[in-house]
file work23.txt (compact mmCIF, N, CA and C atoms)
# COMPACT_ATOMS: atom_id res chain seq x y z
N MET A 9 -14.71 -12.45 -9.00
CA MET A 9 -15.10 -12.44 -7.60
C MET A 9 -15.34 -11.00 -7.16
N THR A 10 -16.49 -10.77 -6.61
CA THR A 10 -16.86 -9.43 -6.17
C THR A 10 -16.62 -9.28 -4.68
N LEU A 11 -16.03 -8.16 -4.31
CA LEU A 11 -15.81 -7.88 -2.90
C LEU A 11 -17.15 -7.64 -2.20
N GLN A 12 -17.32 -8.23 -1.06
CA GLN A 12 -18.50 -7.98 -0.24
C GLN A 12 -18.14 -6.90 0.78
N ASP A 13 -19.15 -6.18 1.27
CA ASP A 13 -18.88 -5.12 2.25
C ASP A 13 -18.14 -5.65 3.47
N GLY A 14 -18.47 -6.87 3.89
CA GLY A 14 -17.82 -7.46 5.07
C GLY A 14 -16.36 -7.79 4.86
N ASP A 15 -15.92 -7.88 3.60
CA ASP A 15 -14.51 -8.17 3.30
C ASP A 15 -13.62 -6.96 3.55
N LEU A 16 -14.19 -5.77 3.45
CA LEU A 16 -13.42 -4.53 3.54
C LEU A 16 -13.31 -4.11 5.01
N GLN A 17 -12.35 -4.68 5.71
CA GLN A 17 -12.23 -4.48 7.15
C GLN A 17 -11.07 -3.60 7.57
N HIS A 18 -10.24 -3.17 6.63
CA HIS A 18 -9.05 -2.40 6.99
C HIS A 18 -9.07 -1.06 6.27
N ARG A 19 -8.72 -0.03 7.00
CA ARG A 19 -8.63 1.31 6.42
C ARG A 19 -7.18 1.52 5.99
N ILE A 20 -6.99 1.87 4.72
CA ILE A 20 -5.64 2.17 4.23
C ILE A 20 -5.64 3.59 3.67
N ARG A 21 -4.47 4.18 3.65
CA ARG A 21 -4.33 5.55 3.16
C ARG A 21 -3.32 5.56 2.02
N PHE A 22 -3.70 6.19 0.92
CA PHE A 22 -2.77 6.39 -0.19
C PHE A 22 -2.13 7.76 -0.02
N GLU A 23 -0.82 7.82 -0.23
CA GLU A 23 -0.09 9.08 -0.15
C GLU A 23 0.76 9.25 -1.40
N GLN A 24 0.97 10.50 -1.80
CA GLN A 24 1.85 10.78 -2.92
C GLN A 24 2.93 11.75 -2.47
N GLU A 25 4.09 11.60 -3.07
CA GLU A 25 5.21 12.45 -2.72
C GLU A 25 5.08 13.80 -3.44
N THR A 26 5.21 14.86 -2.69
CA THR A 26 5.17 16.20 -3.25
C THR A 26 6.38 16.97 -2.71
N THR A 27 6.62 18.13 -3.26
CA THR A 27 7.73 18.96 -2.81
C THR A 27 7.17 20.26 -2.24
N THR A 28 7.60 20.58 -1.02
CA THR A 28 7.18 21.84 -0.42
C THR A 28 8.21 22.92 -0.73
N ARG A 29 7.76 24.12 -0.76
CA ARG A 29 8.68 25.22 -1.02
C ARG A 29 9.22 25.75 0.30
N ASP A 30 10.51 26.02 0.31
CA ASP A 30 11.15 26.61 1.47
C ASP A 30 10.68 28.06 1.58
N PRO A 31 10.28 28.52 2.77
CA PRO A 31 9.79 29.90 2.90
C PRO A 31 10.84 30.96 2.56
N LEU A 32 12.11 30.59 2.62
CA LEU A 32 13.16 31.55 2.30
C LEU A 32 13.65 31.43 0.86
N GLY A 33 12.96 30.64 0.06
CA GLY A 33 13.31 30.52 -1.35
C GLY A 33 14.32 29.43 -1.66
N GLY A 34 14.70 28.66 -0.65
CA GLY A 34 15.64 27.56 -0.86
C GLY A 34 14.96 26.38 -1.51
N PRO A 35 15.73 25.33 -1.77
CA PRO A 35 15.13 24.14 -2.39
C PRO A 35 14.10 23.50 -1.46
N GLY A 36 13.04 22.99 -2.07
CA GLY A 36 11.99 22.36 -1.30
C GLY A 36 12.38 20.97 -0.83
N LYS A 37 11.66 20.48 0.14
CA LYS A 37 11.90 19.14 0.67
C LYS A 37 10.74 18.25 0.26
N PRO A 38 11.05 16.99 -0.06
CA PRO A 38 9.95 16.07 -0.41
C PRO A 38 9.16 15.69 0.85
N VAL A 39 7.85 15.69 0.72
CA VAL A 39 6.96 15.27 1.79
C VAL A 39 5.87 14.38 1.19
N TRP A 40 5.27 13.55 2.01
CA TRP A 40 4.18 12.69 1.56
C TRP A 40 2.87 13.31 2.01
N ALA A 41 1.93 13.44 1.08
CA ALA A 41 0.62 14.02 1.37
C ALA A 41 -0.47 13.00 1.06
N GLU A 42 -1.50 12.98 1.90
CA GLU A 42 -2.59 12.04 1.70
C GLU A 42 -3.37 12.37 0.43
N VAL A 43 -3.65 11.31 -0.35
CA VAL A 43 -4.47 11.44 -1.55
C VAL A 43 -5.90 11.05 -1.21
N VAL A 44 -6.05 9.87 -0.64
CA VAL A 44 -7.38 9.36 -0.30
C VAL A 44 -7.22 8.22 0.71
N SER A 45 -8.26 7.99 1.48
CA SER A 45 -8.30 6.89 2.43
C SER A 45 -9.48 6.00 2.03
N VAL A 46 -9.26 4.67 1.97
CA VAL A 46 -10.30 3.75 1.52
C VAL A 46 -10.33 2.51 2.40
N TRP A 47 -11.44 1.78 2.32
CA TRP A 47 -11.56 0.49 2.98
C TRP A 47 -10.99 -0.58 2.07
N ALA A 48 -10.30 -1.57 2.66
CA ALA A 48 -9.65 -2.61 1.86
C ALA A 48 -9.70 -3.95 2.57
N LYS A 49 -9.52 -4.97 1.77
CA LYS A 49 -9.28 -6.32 2.29
C LYS A 49 -7.78 -6.52 2.19
N ALA A 50 -7.13 -6.86 3.30
CA ALA A 50 -5.68 -7.04 3.31
C ALA A 50 -5.36 -8.51 3.53
N THR A 51 -4.52 -9.05 2.64
CA THR A 51 -4.11 -10.45 2.73
C THR A 51 -2.59 -10.48 2.75
N ASN A 52 -2.03 -10.96 3.86
CA ASN A 52 -0.58 -11.04 3.98
C ASN A 52 -0.09 -12.24 3.20
N ASN A 53 0.89 -12.03 2.33
CA ASN A 53 1.48 -13.12 1.57
C ASN A 53 2.55 -13.77 2.43
N LEU A 54 2.14 -14.71 3.26
CA LEU A 54 3.06 -15.34 4.20
C LEU A 54 4.14 -16.16 3.51
N ALA A 55 3.87 -16.63 2.31
CA ALA A 55 4.86 -17.45 1.60
C ALA A 55 6.15 -16.67 1.38
N ALA A 56 6.03 -15.41 0.97
CA ALA A 56 7.22 -14.60 0.72
C ALA A 56 7.99 -14.36 2.01
N THR A 57 7.29 -14.09 3.10
CA THR A 57 7.94 -13.87 4.39
C THR A 57 8.58 -15.15 4.89
N THR A 58 7.87 -16.27 4.77
CA THR A 58 8.39 -17.56 5.23
C THR A 58 9.65 -17.94 4.47
N GLU A 59 9.65 -17.69 3.16
CA GLU A 59 10.85 -18.00 2.36
C GLU A 59 12.04 -17.17 2.82
N ALA A 60 11.82 -15.91 3.11
CA ALA A 60 12.92 -15.04 3.55
C ALA A 60 13.48 -15.50 4.89
N VAL A 61 12.59 -15.83 5.82
CA VAL A 61 13.03 -16.28 7.15
C VAL A 61 13.73 -17.64 7.04
N ALA A 62 13.18 -18.55 6.22
CA ALA A 62 13.79 -19.88 6.05
C ALA A 62 15.17 -19.78 5.41
N ALA A 63 15.37 -18.77 4.59
CA ALA A 63 16.67 -18.59 3.94
C ALA A 63 17.68 -17.94 4.88
N GLY A 64 17.25 -17.64 6.10
CA GLY A 64 18.16 -17.06 7.08
C GLY A 64 18.26 -15.56 7.03
N ALA A 65 17.30 -14.90 6.43
CA ALA A 65 17.35 -13.44 6.32
C ALA A 65 17.15 -12.80 7.69
N ASP A 66 18.03 -11.86 8.03
CA ASP A 66 17.87 -11.11 9.27
C ASP A 66 16.79 -10.04 9.10
N HIS A 67 16.65 -9.56 7.88
CA HIS A 67 15.66 -8.54 7.56
C HIS A 67 14.83 -9.02 6.38
N TYR A 68 13.60 -8.65 6.37
CA TYR A 68 12.73 -9.02 5.26
C TYR A 68 11.72 -7.91 5.03
N ARG A 69 11.10 -7.94 3.87
CA ARG A 69 10.06 -6.98 3.53
C ARG A 69 8.75 -7.73 3.38
N GLU A 70 7.78 -7.37 4.15
CA GLU A 70 6.48 -8.02 4.14
C GLU A 70 5.72 -7.66 2.87
N GLN A 71 5.12 -8.66 2.24
CA GLN A 71 4.32 -8.45 1.04
C GLN A 71 2.84 -8.63 1.38
N VAL A 72 2.03 -7.65 1.01
CA VAL A 72 0.60 -7.68 1.31
C VAL A 72 -0.19 -7.39 0.04
N ARG A 73 -1.29 -8.10 -0.12
CA ARG A 73 -2.22 -7.83 -1.22
C ARG A 73 -3.41 -7.06 -0.63
N PHE A 74 -3.70 -5.92 -1.24
CA PHE A 74 -4.84 -5.11 -0.84
C PHE A 74 -5.88 -5.18 -1.95
N ASP A 75 -7.10 -5.56 -1.61
CA ASP A 75 -8.21 -5.57 -2.56
C ASP A 75 -9.13 -4.41 -2.19
N ILE A 76 -9.41 -3.56 -3.18
CA ILE A 76 -10.27 -2.40 -2.96
C ILE A 76 -11.29 -2.30 -4.07
N ARG A 77 -12.28 -1.45 -3.87
CA ARG A 77 -13.23 -1.16 -4.94
C ARG A 77 -12.49 -0.39 -6.03
N PRO A 78 -12.95 -0.47 -7.28
CA PRO A 78 -12.23 0.17 -8.38
C PRO A 78 -12.07 1.68 -8.18
N ARG A 79 -10.88 2.15 -8.47
CA ARG A 79 -10.57 3.58 -8.43
C ARG A 79 -9.23 3.79 -9.10
N GLN A 80 -8.90 5.01 -9.41
CA GLN A 80 -7.62 5.33 -10.02
C GLN A 80 -6.53 5.29 -8.94
N VAL A 81 -5.50 4.48 -9.17
CA VAL A 81 -4.37 4.38 -8.24
C VAL A 81 -3.09 4.54 -9.04
N ASP A 82 -2.25 5.45 -8.61
CA ASP A 82 -0.96 5.69 -9.25
C ASP A 82 0.09 4.80 -8.57
N PRO A 83 0.80 3.97 -9.32
CA PRO A 83 1.82 3.09 -8.72
C PRO A 83 2.95 3.86 -8.02
N GLN A 84 3.06 5.16 -8.27
CA GLN A 84 4.08 5.98 -7.60
C GLN A 84 3.67 6.35 -6.17
N TRP A 85 2.41 6.14 -5.83
CA TRP A 85 1.95 6.42 -4.48
C TRP A 85 2.48 5.36 -3.53
N ARG A 86 2.25 5.56 -2.25
CA ARG A 86 2.52 4.53 -1.26
C ARG A 86 1.27 4.33 -0.42
N ILE A 87 1.24 3.22 0.30
CA ILE A 87 0.11 2.89 1.16
C ILE A 87 0.58 2.94 2.61
N VAL A 88 -0.27 3.52 3.47
CA VAL A 88 -0.02 3.50 4.90
C VAL A 88 -1.06 2.56 5.50
N PHE A 89 -0.58 1.51 6.17
CA PHE A 89 -1.45 0.48 6.74
C PHE A 89 -0.90 0.10 8.10
N ARG A 90 -1.73 0.28 9.13
CA ARG A 90 -1.33 -0.03 10.51
C ARG A 90 -0.03 0.67 10.91
N GLY A 91 0.12 1.90 10.47
CA GLY A 91 1.29 2.68 10.84
C GLY A 91 2.56 2.34 10.09
N ARG A 92 2.46 1.47 9.09
CA ARG A 92 3.63 1.07 8.29
C ARG A 92 3.45 1.55 6.86
N TYR A 93 4.57 1.75 6.18
CA TYR A 93 4.56 2.23 4.81
C TYR A 93 4.83 1.09 3.84
N PHE A 94 4.06 1.05 2.75
CA PHE A 94 4.17 0.00 1.74
C PHE A 94 4.34 0.63 0.37
N ASP A 95 5.36 0.17 -0.36
CA ASP A 95 5.57 0.59 -1.74
C ASP A 95 4.67 -0.24 -2.65
N ILE A 96 3.98 0.41 -3.56
CA ILE A 96 3.10 -0.30 -4.49
C ILE A 96 3.95 -0.92 -5.59
N LYS A 97 3.80 -2.24 -5.78
CA LYS A 97 4.55 -2.95 -6.82
C LYS A 97 3.69 -3.27 -8.04
N SER A 98 2.40 -3.52 -7.84
CA SER A 98 1.53 -3.77 -8.99
C SER A 98 0.09 -3.40 -8.65
N VAL A 99 -0.63 -2.98 -9.68
CA VAL A 99 -2.04 -2.62 -9.57
C VAL A 99 -2.75 -3.30 -10.73
N ALA A 100 -3.75 -4.14 -10.42
CA ALA A 100 -4.43 -4.88 -11.48
C ALA A 100 -5.92 -5.01 -11.18
N PRO A 101 -6.77 -4.67 -12.16
CA PRO A 101 -8.21 -4.87 -11.97
C PRO A 101 -8.57 -6.34 -12.16
N SER A 102 -9.66 -6.75 -11.53
CA SER A 102 -10.16 -8.11 -11.74
C SER A 102 -10.71 -8.21 -13.16
N ASN A 103 -10.95 -9.43 -13.62
CA ASN A 103 -11.46 -9.62 -14.99
C ASN A 103 -12.78 -8.89 -15.23
N ASP A 104 -13.65 -8.89 -14.23
CA ASP A 104 -14.93 -8.22 -14.40
C ASP A 104 -14.90 -6.75 -13.95
N ARG A 105 -13.71 -6.27 -13.58
CA ARG A 105 -13.48 -4.86 -13.18
C ARG A 105 -14.26 -4.46 -11.93
N SER A 106 -14.62 -5.45 -11.10
CA SER A 106 -15.39 -5.14 -9.90
C SER A 106 -14.49 -4.84 -8.70
N GLU A 107 -13.21 -5.12 -8.82
CA GLU A 107 -12.28 -4.83 -7.74
C GLU A 107 -10.89 -4.57 -8.30
N LEU A 108 -10.04 -4.03 -7.46
CA LEU A 108 -8.67 -3.72 -7.83
C LEU A 108 -7.75 -4.41 -6.84
N ALA A 109 -6.79 -5.17 -7.35
CA ALA A 109 -5.81 -5.86 -6.49
C ALA A 109 -4.50 -5.10 -6.54
N ILE A 110 -3.96 -4.80 -5.37
CA ILE A 110 -2.70 -4.07 -5.27
C ILE A 110 -1.72 -4.92 -4.47
N ILE A 111 -0.56 -5.19 -5.05
CA ILE A 111 0.50 -5.88 -4.34
C ILE A 111 1.46 -4.81 -3.85
N ALA A 112 1.75 -4.83 -2.55
CA ALA A 112 2.63 -3.82 -1.97
C ALA A 112 3.63 -4.49 -1.04
N ILE A 113 4.80 -3.89 -0.93
CA ILE A 113 5.88 -4.43 -0.11
C ILE A 113 6.27 -3.37 0.92
N SER A 114 6.39 -3.82 2.17
CA SER A 114 6.69 -2.90 3.26
C SER A 114 8.14 -2.44 3.23
N GLU A 115 8.40 -1.42 4.02
CA GLU A 115 9.78 -1.02 4.24
C GLU A 115 10.48 -2.19 4.93
N ARG A 116 11.78 -2.18 4.92
CA ARG A 116 12.54 -3.25 5.55
C ARG A 116 12.18 -3.37 7.02
N SER A 117 12.09 -4.60 7.50
CA SER A 117 11.65 -4.86 8.86
C SER A 117 12.58 -5.89 9.50
N ASP A 118 12.73 -5.80 10.81
CA ASP A 118 13.50 -6.83 11.51
C ASP A 118 12.71 -8.11 11.56
N GLY A 119 13.39 -9.24 11.42
CA GLY A 119 12.73 -10.53 11.38
C GLY A 119 12.40 -11.07 12.65
call {"tool": "encode", "arguments": {"input": "work23.txt", "output": "structure tokens"}}
result
Amino acid sequence: MTLQDGDLQHRIRFEQETTTRDPLGGPGKPVWAEVVSVWAKATNNLAATTEAVAAGADHYREQVRFDIRPRQVDPQWRIVFRGRYFDIKSVAPSNDRSELAIIAISERSDG
């Protein structure tokens, strides 16, 4: 299945963790820096959220699938989407290599 231009309706940002140097020579602090921003199709996996809520979870982590055009993505990066941070859990190309599917899980959220 090939992504159509109309499918790519959400802007997401990939960030990678880097370490800044302390100006006084002390240990650096980890910071997140933007790698690239791309258009994506975002599909919320409601089944995972529904299961967590049905099980009585006070907190849950939202799972979202992002489909993007093929590019190099490091699973150590994170995604910023609608002001929320998502940890990348898997990155997989489609069979015909026309798109890349990324499964990501948000930071913990109140239910």
call {"tool": "atom_distance", "arguments": {"input": "work23.txt", "atom1": "atom C of A:Leu108", "atom2": "atom C of A:Glu23"}}
result
17.0 Å
call {"tool": "residues_around", "arguments": {"input": "work23.txt", "residues": "A:Arg105", "least_positions_apart": "2", "cutoff": "8 Å", "atoms": "all atoms listed in the file", "output": "PyMOL selection string"}}
result
chain A and resi 9+77-78+100-103+107-108
call {"tool": "write_last_selection", "arguments": {"input": "work23.txt", "atoms": "N, CA and C atoms", "output": "short mmCIF file (atom, residue, chain, number, x, y, z; two decimals), in the coordinates of the input"}}
result
data_model
loop_
_atom_site.label_atom_id
_atom_site.label_comp_id
_atom_site.auth_asym_id
_atom_site.auth_seq_id
_atom_site.Cartn_x
_atom_site.Cartn_y
_atom_site.Cartn_z
N MET A 9 -14.71 -12.45 -9.00
CA MET A 9 -15.10 -12.44 -7.60
C MET A 9 -15.34 -11.00 -7.16
N ARG A 77 -12.28 -1.45 -3.87
CA ARG A 77 -13.23 -1.16 -4.94
C ARG A 77 -12.49 -0.39 -6.03
N PRO A 78 -12.95 -0.47 -7.28
CA PRO A 78 -12.23 0.17 -8.38
C PRO A 78 -12.07 1.68 -8.18
N ALA A 100 -3.75 -4.14 -10.42
CA ALA A 100 -4.43 -4.88 -11.48
C ALA A 100 -5.92 -5.01 -11.18
N PRO A 101 -6.77 -4.67 -12.16
CA PRO A 101 -8.21 -4.87 -11.97
C PRO A 101 -8.57 -6.34 -12.16
N SER A 102 -9.66 -6.75 -11.53
CA SER A 102 -10.16 -8.11 -11.74
C SER A 102 -10.71 -8.21 -13.16
N ASN A 103 -10.95 -9.43 -13.62
CA ASN A 103 -11.46 -9.62 -14.99
C ASN A 103 -12.78 -8.89 -15.23
N GLU A 107 -13.21 -5.12 -8.82
CA GLU A 107 -12.28 -4.83 -7.74
C GLU A 107 -10.89 -4.57 -8.30
N LEU A 108 -10.04 -4.03 -7.46
CA LEU A 108 -8.67 -3.72 -7.83
C LEU A 108 -7.75 -4.41 -6.84
#
call {"tool": "atom_distance", "arguments": {"input": "work23.txt", "atom1": "atom N of A:Asn52", "atom2": "atom CA of A:Gln71"}}
result
7.4 Å
call {"tool": "residues_around", "arguments": {"input": "work23.txt", "residues": "A:Asp95", "least_positions_apart": "5", "cutoff": "6 Å", "atoms": "all atoms listed in the file", "output": "NGL selection string"}}
result
:A and (85-87 or 111-115)
call {"tool": "atom_distance", "arguments": {"input": "work23.txt", "atom1": "atom C of A:Lys37", "atom2": "atom N of A:Phe89"}}
result
21.1 Å
call {"tool": "closest_residue", "arguments": {"input": "work23.txt", "among": "A:Arg21, A:Val88, A:Thr27, A:Asn53", "to": "A:Glu70", "atoms": "only N, CA and C atoms"}}
result
A:Asn53
call {"tool": "closest_residue", "arguments": {"input": "work23.txt", "among": "A:Phe74, A:Val99, A:Arg19, A:Asp30", "to": "A:Val46", "atoms": "all atoms listed in the file"}}
result
A:Arg19
call {"tool": "residues_around", "arguments": {"input": "work23.txt", "residues": "A:Ala50", "least_positions_apart": "6", "cutoff": "8 Å", "atoms": "all atoms listed in the file", "output": "JSON, numbers by chain"}}
result
{"A": [15, 16, 17, 18, 19, 72, 73, 74, 75, 76]}
call {"tool": "closest_residue", "arguments": {"input": "work23.txt", "among": "A:Lys49, A:Arg29, A:Arg69, A:Lys97", "to": "A:Asp82", "atoms": "only C-alpha atoms"}}
result
A:Lys97
call {"tool": "closest_residue", "arguments": {"input": "work23.txt", "among": "A:Ile110, A:Gln24, A:Gly14, A:Thr51", "to": "A:Gln84", "atoms": "only N, CA and C atoms"}}
result
A:Gln24
call {"tool": "select_by_dssp", "arguments": {"input": "work23.txt", "residues": "chain A", "states": "alpha helix (DSSP H)", "output": "list in words"}}
result
Leu54, Ala55, Ala56, Thr57, Thr58, Glu59, Ala60, Val61 and Ala62 of chain A
call {"tool": "decode", "arguments": {"input": "work23.txt", "residues": "stretch 30-43 of chain A", "atoms": "N, CA and C atoms", "output": "short mmCIF file (atom, residue, chain, number, x, y, z; two decimals), in the first residue's frame"}}
result
data_model
loop_
_atom_site.label_atom_id
_atom_site.label_comp_id
_atom_site.auth_asym_id
_atom_site.auth_seq_id
_atom_site.Cartn_x
_atom_site.Cartn_y
_atom_site.Cartn_z
N ASP A 30 28.97 21.75 29.75
CA ASP A 30 28.83 22.81 30.73
C ASP A 30 29.90 23.87 30.43
N PRO A 31 29.54 25.16 30.40
CA PRO A 31 30.53 26.19 30.07
C PRO A 31 31.69 26.27 31.07
N LEU A 32 31.48 25.76 32.28
CA LEU A 32 32.54 25.80 33.28
C LEU A 32 33.33 24.50 33.34
N GLY A 33 33.08 23.61 32.40
CA GLY A 33 33.84 22.36 32.35
C GLY A 33 33.24 21.22 33.15
N GLY A 34 32.07 21.44 33.73
CA GLY A 34 31.39 20.39 34.48
C GLY A 34 30.75 19.38 33.56
N PRO A 35 30.13 18.37 34.15
CA PRO A 35 29.47 17.36 33.31
C PRO A 35 28.31 17.97 32.52
N GLY A 36 28.15 17.49 31.30
CA GLY A 36 27.09 17.99 30.45
C GLY A 36 25.73 17.43 30.85
N LYS A 37 24.71 18.08 30.38
CA LYS A 37 23.34 17.64 30.65
C LYS A 37 22.74 17.11 29.35
N PRO A 38 21.94 16.05 29.45
CA PRO A 38 21.29 15.54 28.23
C PRO A 38 20.18 16.48 27.79
N VAL A 39 20.13 16.74 26.50
CA VAL A 39 19.08 17.55 25.90
C VAL A 39 18.61 16.85 24.62
N TRP A 40 17.40 17.16 24.20
CA TRP A 40 16.86 16.60 22.97
C TRP A 40 16.97 17.65 21.88
N ALA A 41 17.53 17.27 20.74
CA ALA A 41 17.70 18.17 19.61
C ALA A 41 16.95 17.63 18.39
N GLU A 42 16.35 18.53 17.63
CA GLU A 42 15.60 18.11 16.45
C GLU A 42 16.53 17.54 15.39
N VAL A 43 16.10 16.40 14.83
CA VAL A 43 16.82 15.77 13.72
C VAL A 43 16.17 16.18 12.42
#
